[in-house]
file final29.txt (compact mmCIF, C-alpha atoms)
# COMPACT_ATOMS: atom_id res chain seq x y z
CA MET E 1472 91.11 38.30 41.56
CA ALA E 1473 89.07 35.46 43.06
CA LYS E 1474 90.07 31.97 42.02
CA TRP E 1475 87.60 29.34 40.91
CA GLY E 1476 85.49 28.31 43.87
CA GLU E 1477 86.62 31.25 46.00
CA GLY E 1478 85.55 34.82 46.62
CA ASP E 1479 82.20 36.60 46.50
CA PRO E 1480 79.61 34.18 45.03
CA ARG E 1481 77.84 37.09 43.33
CA TRP E 1482 80.65 37.18 40.76
CA ILE E 1483 80.76 33.48 39.90
CA VAL E 1484 79.53 33.28 36.31
CA GLU E 1485 78.61 29.60 36.52
CA GLU E 1486 75.54 30.63 38.57
CA ARG E 1487 73.90 31.56 35.25
CA ALA E 1488 73.98 29.21 32.30
CA ASP E 1489 74.08 32.14 29.85
CA ALA E 1490 76.68 34.09 31.94
CA LYS E 1491 74.53 37.24 31.90
CA ASN E 1492 74.35 39.70 34.85
CA VAL E 1493 75.11 37.22 37.64
CA ASN E 1494 72.39 37.30 40.31
CA ASN E 1495 71.06 40.50 38.66
CA TRP E 1496 73.80 42.45 40.45
CA HIS E 1497 74.73 44.92 37.70
CA TRP E 1498 72.72 47.97 36.61
CA THR E 1499 70.69 47.35 33.48
CA GLU E 1500 68.51 49.90 31.74
CA LYS E 1501 65.81 49.92 29.07
CA ASN E 1502 64.72 53.04 27.21
CA ALA E 1503 60.94 53.37 27.56
CA THR E 1504 60.59 56.88 26.09
CA GLN E 1505 59.10 56.14 22.68
CA TRP E 1506 56.85 53.41 24.07
CA SER E 1507 55.64 55.85 26.73
CA LYS E 1508 54.89 58.62 24.23
CA ASP E 1509 52.91 56.25 22.02
CA LYS E 1510 51.03 54.83 25.02
CA LEU E 1511 50.20 58.27 26.45
CA LYS E 1512 48.82 59.41 23.08
CA GLU E 1513 46.77 56.23 22.80
CA LEU E 1514 45.29 56.69 26.29
CA LEU E 1515 44.71 60.46 26.36
CA LEU E 1516 43.34 61.19 22.89
CA ASN E 1517 39.59 61.01 22.22
CA ILE E 1518 38.61 61.38 25.89
CA VAL E 1519 35.02 62.70 25.89
CA VAL E 1520 33.24 64.62 28.65
CA GLU E 1521 29.56 65.44 28.36
CA ASP E 1522 26.56 66.66 30.33
CA ASP E 1523 23.27 68.48 29.68
CA ARG E 1524 25.12 71.67 28.73
CA GLY E 1525 27.52 70.41 26.09
CA ARG E 1526 30.12 67.97 24.83
CA CYS E 1527 33.93 68.25 24.76
CA GLU E 1528 36.59 65.95 23.34
CA ILE E 1529 40.39 65.85 23.50
CA LYS E 1530 41.53 65.91 19.88
CA GLU E 1531 45.30 66.25 19.62
CA THR E 1532 48.58 66.18 21.50
CA SER E 1533 50.29 69.53 20.92
CA LYS E 1534 53.20 68.86 23.30
CA LEU E 1535 54.66 65.67 24.74
CA GLU E 1536 58.20 66.14 26.01
CA GLY E 1537 60.18 64.01 28.42
CA GLU E 1538 61.72 60.58 28.88
CA ALA E 1539 61.20 57.25 30.62
CA THR E 1540 63.53 54.40 31.58
CA ALA E 1541 63.18 51.05 33.34
CA ASN E 1542 66.16 49.98 35.45
CA ASN E 1543 67.28 46.89 37.34
CA ARG E 1544 69.82 47.05 40.17
CA LYS E 1545 70.44 44.24 42.63
CA ALA E 1546 67.26 42.51 41.41
CA LYS E 1547 65.17 45.61 42.17
CA LEU E 1548 63.17 47.35 39.45
CA ILE E 1549 63.32 51.15 39.36
CA PHE E 1550 61.25 53.25 36.96
CA PHE E 1551 62.03 56.85 36.04
CA TYR E 1552 59.69 58.94 33.93
CA GLU E 1553 59.05 62.66 33.56
CA PHE E 1554 56.79 64.23 30.95
CA GLU E 1555 55.26 67.62 30.20
CA ILE E 1556 52.04 67.24 28.22
CA GLU E 1557 49.68 69.64 26.42
CA LEU E 1558 46.44 68.43 24.84
CA ASP E 1559 44.03 70.29 22.54
CA TRP E 1560 40.30 69.95 23.17
CA GLU E 1561 37.19 71.09 21.31
CA GLY E 1562 33.62 71.49 22.50
CA SER E 1563 30.21 72.95 21.75
CA LEU E 1564 26.98 73.61 23.63
CA LYS E 1565 23.91 71.48 23.00
CA ASN E 1566 20.94 73.77 23.63
CA SER E 1567 22.33 77.02 22.32
CA GLU E 1568 21.60 78.81 19.05
CA ASN E 1569 25.30 79.48 18.89
CA LYS E 1570 26.86 76.38 17.31
CA THR E 1571 30.40 77.71 17.61
CA VAL E 1572 33.07 75.10 18.30
CA TYR E 1573 35.28 76.36 21.11
CA LYS E 1574 38.85 75.20 21.60
CA GLY E 1575 41.13 75.02 24.58
CA LYS E 1576 44.09 73.27 26.16
CA VAL E 1577 44.72 70.71 28.87
CA THR E 1578 48.15 71.12 30.47
CA ILE E 1579 49.87 68.45 32.58
CA PRO E 1580 53.03 70.24 33.75
CA ASN E 1581 54.73 67.33 35.51
CA LEU E 1582 53.95 63.64 35.16
CA SER E 1583 56.74 61.86 37.06
CA GLU E 1584 57.50 58.98 39.40
CA GLU E 1585 57.65 61.47 42.28
CA HIS E 1586 53.84 61.71 42.40
CA ASP E 1587 50.90 59.32 42.35
CA ALA E 1588 48.64 59.71 39.34
CA SER E 1589 45.93 61.06 41.67
CA ASP E 1590 48.26 63.95 42.64
CA VAL E 1591 49.15 65.09 39.12
CA ASP E 1592 48.10 68.67 38.30
CA VAL E 1593 45.70 69.04 35.37
CA ASP E 1594 45.08 72.62 34.17
CA ILE E 1595 42.22 73.55 31.84
CA THR E 1596 42.09 76.69 29.64
CA VAL E 1597 39.76 77.86 26.86
CA ASN E 1598 40.23 80.20 23.93
CA GLY E 1599 37.54 82.85 24.30
CA GLU E 1600 35.88 84.99 26.94
CA SER E 1601 32.18 84.49 26.24
CA ASN E 1602 29.72 82.86 28.63
CA ASP E 1603 29.49 79.86 26.30
CA ALA E 1604 33.27 79.40 26.35
CA TYR E 1605 33.35 79.59 30.14
CA ALA E 1606 30.49 77.07 30.38
CA LEU E 1607 32.50 74.55 28.36
CA LYS E 1608 35.62 75.26 30.39
CA ASP E 1609 33.62 74.57 33.56
CA LEU E 1610 32.41 71.28 32.08
CA MET E 1611 36.00 70.26 31.30
CA ARG E 1612 37.28 71.42 34.68
CA LYS E 1613 34.72 69.34 36.59
CA LYS E 1614 34.80 66.12 34.59
CA ALA E 1615 38.04 65.84 32.61
CA PRO E 1616 40.72 65.76 35.38
CA ALA E 1617 39.39 62.56 36.97
CA LEU E 1618 39.28 60.79 33.58
CA ILE E 1619 42.76 62.02 32.65
CA ARG E 1620 44.26 60.91 35.99
CA ALA E 1621 42.70 57.48 35.51
CA LYS E 1622 44.41 57.23 32.09
CA LEU E 1623 47.74 58.33 33.61
CA ASP E 1624 47.36 55.66 36.28
CA ALA E 1625 46.80 53.11 33.51
CA TYR E 1626 49.98 54.30 31.77
CA ILE E 1627 52.05 53.85 34.95
CA ARG E 1628 50.61 50.37 35.53
CA GLN E 1629 51.20 49.28 31.92
CA LEU E 1630 54.73 50.72 31.94
CA ARG E 1631 55.60 48.51 34.90
CA GLU E 1632 53.97 45.47 33.34
CA GLU E 1633 55.60 45.94 29.93
CA PHE E 1634 59.16 46.57 31.10
CA THR E 1635 59.22 44.14 34.01
CA GLN E 1636 59.44 41.26 31.55
CA GLY E 1637 63.01 40.09 31.04
CA MET E 1638 64.58 42.66 33.38
CA ILE E 1639 65.26 40.32 36.32
CA LEU E 1640 66.99 37.18 35.08
CA PRO E 1641 66.65 33.89 36.99
CA THR E 1642 69.76 32.31 38.55
CA LYS E 1643 70.72 28.73 37.86
CA SER E 1644 69.28 27.53 41.15
CA GLU E 1645 66.04 29.40 40.48
CA THR E 1646 65.85 27.92 36.98
CA ASP E 1647 66.38 24.41 38.32
CA SER E 1648 63.86 24.87 41.14
CA THR E 1649 61.33 26.42 38.75
CA ALA E 1650 61.64 23.46 36.39
CA THR E 1651 61.26 21.02 39.28
CA LYS E 1652 58.23 22.93 40.59
CA GLU E 1653 56.65 23.05 37.11
CA ASP E 1654 57.11 19.28 36.76
CA ALA E 1655 55.56 18.78 40.21
CA ASP E 1656 52.67 21.13 39.35
CA VAL E 1657 51.98 19.28 36.09
CA SER E 1658 52.03 15.94 37.90
CA ALA E 1659 49.74 17.25 40.67
CA ALA E 1660 47.37 18.78 38.13
CA ALA E 1661 47.16 15.52 36.20
CA LYS E 1662 46.43 13.58 39.38
CA ALA E 1663 43.78 16.09 40.44
CA LYS E 1664 42.16 15.90 37.02
CA VAL E 1665 41.96 12.13 37.20
CA ALA E 1666 40.61 12.25 40.75
CA GLY E 1667 38.04 14.84 39.72
CA LYS E 1668 36.81 12.71 36.88
CA GLN E 1669 36.56 9.69 39.15
CA ASN E 1670 34.51 11.68 41.68
CA GLY E 1671 32.36 13.35 39.03
CA LEU E 1672 33.78 16.79 39.88
CA SER E 1673 34.79 19.56 37.48
CA PRO E 1674 38.08 21.40 38.01
CA THR E 1675 37.80 24.64 39.98
CA LYS E 1676 39.10 27.97 38.70
CA LYS E 1677 42.29 29.22 40.32
CA GLU E 1678 41.87 32.53 42.14
CA SER E 1679 44.48 35.28 41.98
CA VAL E 1680 45.77 36.64 45.27
CA GLY E 1681 47.43 40.06 45.70
CA VAL E 1682 49.92 41.34 48.28
CA LYS E 1683 48.30 41.73 51.68
CA ILE E 1684 48.85 45.10 53.36
CA PRO E 1685 48.44 45.16 57.17
CA THR E 1686 45.65 47.58 58.10
CA THR E 1687 43.66 48.78 61.07
CA ALA E 1688 40.47 50.79 61.65
CA VAL E 1689 40.02 54.10 63.45
CA ALA E 1690 36.84 55.55 64.99
CA MET E 1691 36.39 58.88 66.74
CA THR E 1692 33.66 61.29 67.84
CA VAL E 1693 34.21 65.05 68.32
CA GLU E 1694 31.87 67.83 69.48
CA PHE E 1695 32.20 71.31 67.93
CA LYS E 1696 30.48 74.46 69.17
CA CYS E 1697 29.02 75.50 65.82
CA ARG E 1698 26.13 74.87 63.44
CA VAL E 1699 26.26 71.81 61.22
CA SER E 1700 26.32 74.00 58.08
CA GLU E 1701 29.42 75.80 59.38
CA LEU E 1702 31.26 72.55 60.10
CA TYR E 1703 30.34 71.10 56.70
CA MET E 1704 31.67 74.25 55.02
CA ALA E 1705 34.89 74.01 57.04
CA LEU E 1706 35.44 70.49 55.68
CA THR E 1707 34.61 71.26 52.05
CA ASP E 1708 35.16 74.96 51.29
CA LYS E 1709 38.67 75.49 49.92
CA ASN E 1710 39.30 78.80 51.72
CA MET E 1711 38.13 77.47 55.10
CA VAL E 1712 40.13 74.26 54.69
CA ARG E 1713 43.21 76.35 53.85
CA ALA E 1714 42.60 78.45 56.97
CA PHE E 1715 42.42 75.70 59.59
CA THR E 1716 45.07 73.49 57.95
CA ARG E 1717 47.33 76.50 57.34
CA GLY E 1718 47.63 75.29 53.77
CA GLY E 1719 49.89 76.94 51.22
CA ALA E 1720 49.38 77.75 47.56
CA ASN E 1721 49.73 74.08 46.57
CA MET E 1722 46.78 72.96 48.71
CA VAL E 1723 43.95 71.33 46.71
CA CYS E 1724 40.31 70.83 47.78
CA GLU E 1725 37.82 69.98 45.01
CA ALA E 1726 34.72 69.21 47.09
CA GLU E 1727 32.62 67.28 44.57
CA ASN E 1728 32.06 63.64 43.76
CA GLY E 1729 35.34 62.45 42.25
CA GLY E 1730 37.18 65.66 43.19
CA ARG E 1731 40.62 65.35 44.74
CA PHE E 1732 42.30 66.91 47.77
CA SER E 1733 45.92 67.42 48.81
CA LEU E 1734 46.73 68.78 52.28
CA PHE E 1735 49.77 69.46 54.45
CA ASP E 1736 52.20 69.87 51.52
CA GLY E 1737 50.96 66.67 49.88
CA ASN E 1738 51.35 64.47 52.95
CA VAL E 1739 47.59 63.77 52.89
CA THR E 1740 45.93 63.11 49.52
CA GLY E 1741 42.86 61.42 48.10
CA GLN E 1742 39.48 62.08 46.56
CA PHE E 1743 35.90 62.77 47.58
CA VAL E 1744 33.68 59.77 46.86
CA GLU E 1745 30.27 61.09 47.95
CA LEU E 1746 29.06 64.30 49.59
CA ILE E 1747 25.63 64.81 51.18
CA ALA E 1748 25.38 68.46 52.24
CA CYS E 1749 25.51 68.94 56.04
CA GLN E 1750 25.14 65.18 56.61
CA GLN E 1751 27.90 62.96 55.29
CA ILE E 1752 31.28 63.01 53.54
CA LYS E 1753 32.90 59.88 52.11
CA MET E 1754 36.53 59.94 50.98
CA GLN E 1755 39.43 57.81 49.85
CA TRP E 1756 42.34 59.01 51.98
CA ARG E 1757 46.07 58.21 52.21
CA LEU E 1758 49.31 59.35 53.81
CA ARG E 1759 52.36 59.84 51.60
CA GLN E 1760 54.40 57.18 53.43
CA TRP E 1761 51.79 54.44 52.91
CA PRO E 1762 52.41 51.74 50.28
CA ALA E 1763 51.86 53.08 46.77
CA GLU E 1764 48.24 53.25 45.56
CA HIS E 1765 46.86 52.15 48.95
CA TYR E 1766 43.90 54.24 50.17
CA SER E 1767 41.76 54.01 53.29
CA ASP E 1768 37.99 54.59 53.29
CA VAL E 1769 36.81 57.49 55.46
CA THR E 1770 33.21 58.27 56.37
CA ILE E 1771 32.36 61.47 58.27
CA GLU E 1772 28.82 61.87 59.63
CA LEU E 1773 27.57 65.22 60.95
CA THR E 1774 24.66 65.59 63.39
CA GLU E 1775 23.45 68.91 64.81
CA LYS E 1776 22.51 68.84 68.51
CA GLU E 1777 20.96 71.50 70.74
CA ASP E 1778 24.20 73.30 71.60
CA HIS E 1779 26.83 71.66 69.38
CA THR E 1780 27.46 69.61 66.24
CA LEU E 1781 28.64 66.02 66.55
CA LEU E 1782 31.27 64.71 64.11
CA LYS E 1783 31.63 60.93 63.85
CA LEU E 1784 34.57 59.58 61.84
CA ASN E 1785 35.14 55.98 60.80
CA GLN E 1786 38.24 55.04 58.84
CA THR E 1787 38.91 51.53 57.55
CA GLY E 1788 41.86 50.14 55.65
CA THR E 1789 44.30 52.39 57.55
CA SER E 1790 47.77 51.12 56.66
CA THR E 1791 50.06 50.17 59.53
CA ASP E 1792 52.93 49.56 57.10
CA CYS E 1793 54.54 52.99 57.35
CA GLY E 1794 58.12 51.94 57.92
CA VAL E 1795 57.94 52.81 61.65
CA PRO E 1796 56.96 49.52 63.34
CA ALA E 1797 56.98 50.90 66.89
CA ARG E 1798 54.54 53.69 66.03
CA PRO E 1799 52.68 52.73 62.86
CA ARG E 1800 49.94 55.33 63.36
CA GLU E 1801 52.25 58.30 63.96
CA GLY E 1802 51.45 60.10 60.71
CA LEU E 1803 47.72 59.59 61.16
CA THR E 1804 47.63 60.89 64.73
CA ARG E 1805 49.74 63.93 63.93
CA THR E 1806 47.48 64.80 60.98
CA GLY E 1807 44.33 64.48 63.09
CA GLY E 1808 45.82 66.71 65.76
CA ARG E 1809 46.61 69.44 63.26
CA VAL E 1810 43.06 69.38 61.86
CA ASP E 1811 41.40 69.39 65.29
CA GLU E 1812 43.67 72.11 66.69
CA GLY E 1813 43.19 74.28 63.62
CA MET E 1814 39.39 74.16 63.88
CA VAL E 1815 39.48 75.07 67.57
CA THR E 1816 42.10 77.83 67.52
CA ILE E 1817 41.50 79.44 64.13
CA LEU E 1818 37.76 78.99 63.65
CA GLY E 1819 37.03 79.47 67.37
CA TRP E 1820 34.64 76.56 67.85
CA GLY E 1821 35.23 75.76 71.48
CA GLY E 1822 37.10 72.82 72.93
CA GLY E 1823 36.44 70.24 70.24
CA ARG E 1824 35.61 67.71 72.96
CA ARG E 1825 36.44 64.18 71.88
CA LYS E 1826 34.69 60.98 72.96
CA ALA E 1827 35.24 57.21 72.58
CA ASP E 1828 38.29 57.24 70.33
CA SER E 1829 39.44 53.75 69.38
CA ILE E 1830 41.73 51.86 67.06
CA ARG E 1831 40.75 48.39 65.95
CA SER E 1832 43.43 45.94 64.95
CA PRO E 1833 43.18 43.87 61.74
CA GLN E 1834 41.73 41.05 63.88
CA GLY E 1835 39.02 43.38 65.19
CA GLY E 1836 40.32 43.93 68.76
CA GLU E 1837 40.74 47.34 70.36
CA GLY E 1838 44.14 49.04 70.11
CA GLY E 1839 45.82 49.64 73.43
CA ALA E 1840 46.21 53.34 74.15
CA GLY E 1841 43.65 54.85 71.83
CA VAL E 1842 44.44 57.71 69.44
CA ASP E 1843 46.58 60.59 70.66
CA TRP E 1844 45.25 63.12 68.16
CA GLY E 1845 46.90 66.07 69.87
CA GLN E 1846 50.52 64.90 70.17
CA GLY E 1847 51.23 62.42 67.34
call {"tool": "encode", "arguments": {"input": "final29.txt", "output": "structure tokens"}}
result
Amino acid sequence: MAKWGEGDPRWIVEERADAKNVNNWHWTEKNATQWSKDKLKELLLNIVVEDDRGRCEIKETSKLEGEATANNRKAKLIFFYEFEIELDWEGSLKNSENKTVYKGKVTIPNLSEEHDASDVDVDITVNGESNDAYALKDLMRKKAPALIRAKLDAYIRQLREEFTQGMILPTKSETDSTATKEDADVSAAAKAKVAGKQNGLSPTKKESVGVKIPTTAVAMTVEFKCRVSELYMALTDKNMVRAFTRGGANMVCEAENGGRFSLFDGNVTGQFVELIACQQIKMQWRLRQWPAEHYSDVTIELTEKEDHTLLKLNQTGTSTDCGVPARPREGLTRTGGRVDEGMVTILGWGGGRRKADSIRSPQGGEGGAGVDWGQG
């Protein structure tokens, strides 16, 4: 037993005036289950999707099972949540003599901290086998998943905001320094206000600044021995993408504005931003090991030449914070190699000759050795 003034300072209670959880060392936990269920119902109910064909709306929550907790250990916040959700939707066609209201279900089999909201599966079913029922199911399938994933992302963000408060307790030194800093800030603000009035200036609005993630930019050009329509299909058709990436049953490729994709067992995920047939593909793209919710912007331009099709790729916002400082682009280069090799060997489009690869540092300079897309 440590005597007063001796031993591990983490256990000295005098470091906190209220003697609670010294230096936030002990595990503390808050039950967030009921709050989560109420918040999920609030966010997911009454979602409406609509186009020229018809209108659908999520009406009820038929199943919402699971739990959520917020935890603090060694001054680190850890959130656990896992839910299985079923929602009931109703819809009807606009320009049809049949005014039948069709019903169906939206199933979210696994909402958990193991996946980003953009990776959560959303399954759509309809009760009925008529053409009208299938038309409404198609409307829901195309428009509802993106809206639902956005609501799930909002739930995750609000969960962290709500249960962060009061979880990490300040130490005595932090309390004292905070009070001193607040007094200094008040004094500085008062002086600035007086100086502003004397100079005839109005106070400026304080800007909020987020956490800066180190990034780089990648550019590459590849020639493929095929028609531009074939290459565009290879990049957007689910069966062709599965072929050259050797994707399994869990591969996702929803090639439409706002559609998502998940390749290489979920190591590469994102969504399609804009598609111009046989000309351009814009995406938000990320590797699993990148910082949470960080996406790069990818633009692919396709140009058909006399004896080949030219693919130009520009990627900005590529995270270098992958936890491997010596080789921050390892995941990116390995992924590119697998895509390139798959197109050449499986689709048989010649050598995939590459030109003028480069990596630009955050300051805009060229990266040293270029991109080794084949080896990784």
call {"tool": "atom_distance", "arguments": {"input": "final29.txt", "atom1": "CA of Thr1789 (chain E)", "atom2": "CA of Leu1548 (chain E)"}}
result
26.6 Å
call {"tool": "residues_around", "arguments": {"input": "final29.txt", "residues": "Met1754 (chain E)", "least_positions_apart": "3", "cutoff": "8 Å", "atoms": "all atoms listed in the file", "output": "count of residues only"}}
result
8
call {"tool": "closest_residue", "arguments": {"input": "final29.txt", "among": "E:Ser1507, E:Thr1686, E:Thr1791, E:Ser1563", "to": "Ala1606 (chain E)", "atoms": "only C-alpha atoms"}}
result
E:Ser1563
call {"tool": "atom_distance", "arguments": {"input": "final29.txt", "atom1": "CA of Leu1623 (chain E)", "atom2": "CA of Asp1736 (chain E)"}}
result
21.8 Å
call {"tool": "atom_distance", "arguments": {"input": "final29.txt", "atom1": "CA of Lys1696 (chain E)", "atom2": "CA of Leu1773 (chain E)"}}
result
12.7 Å
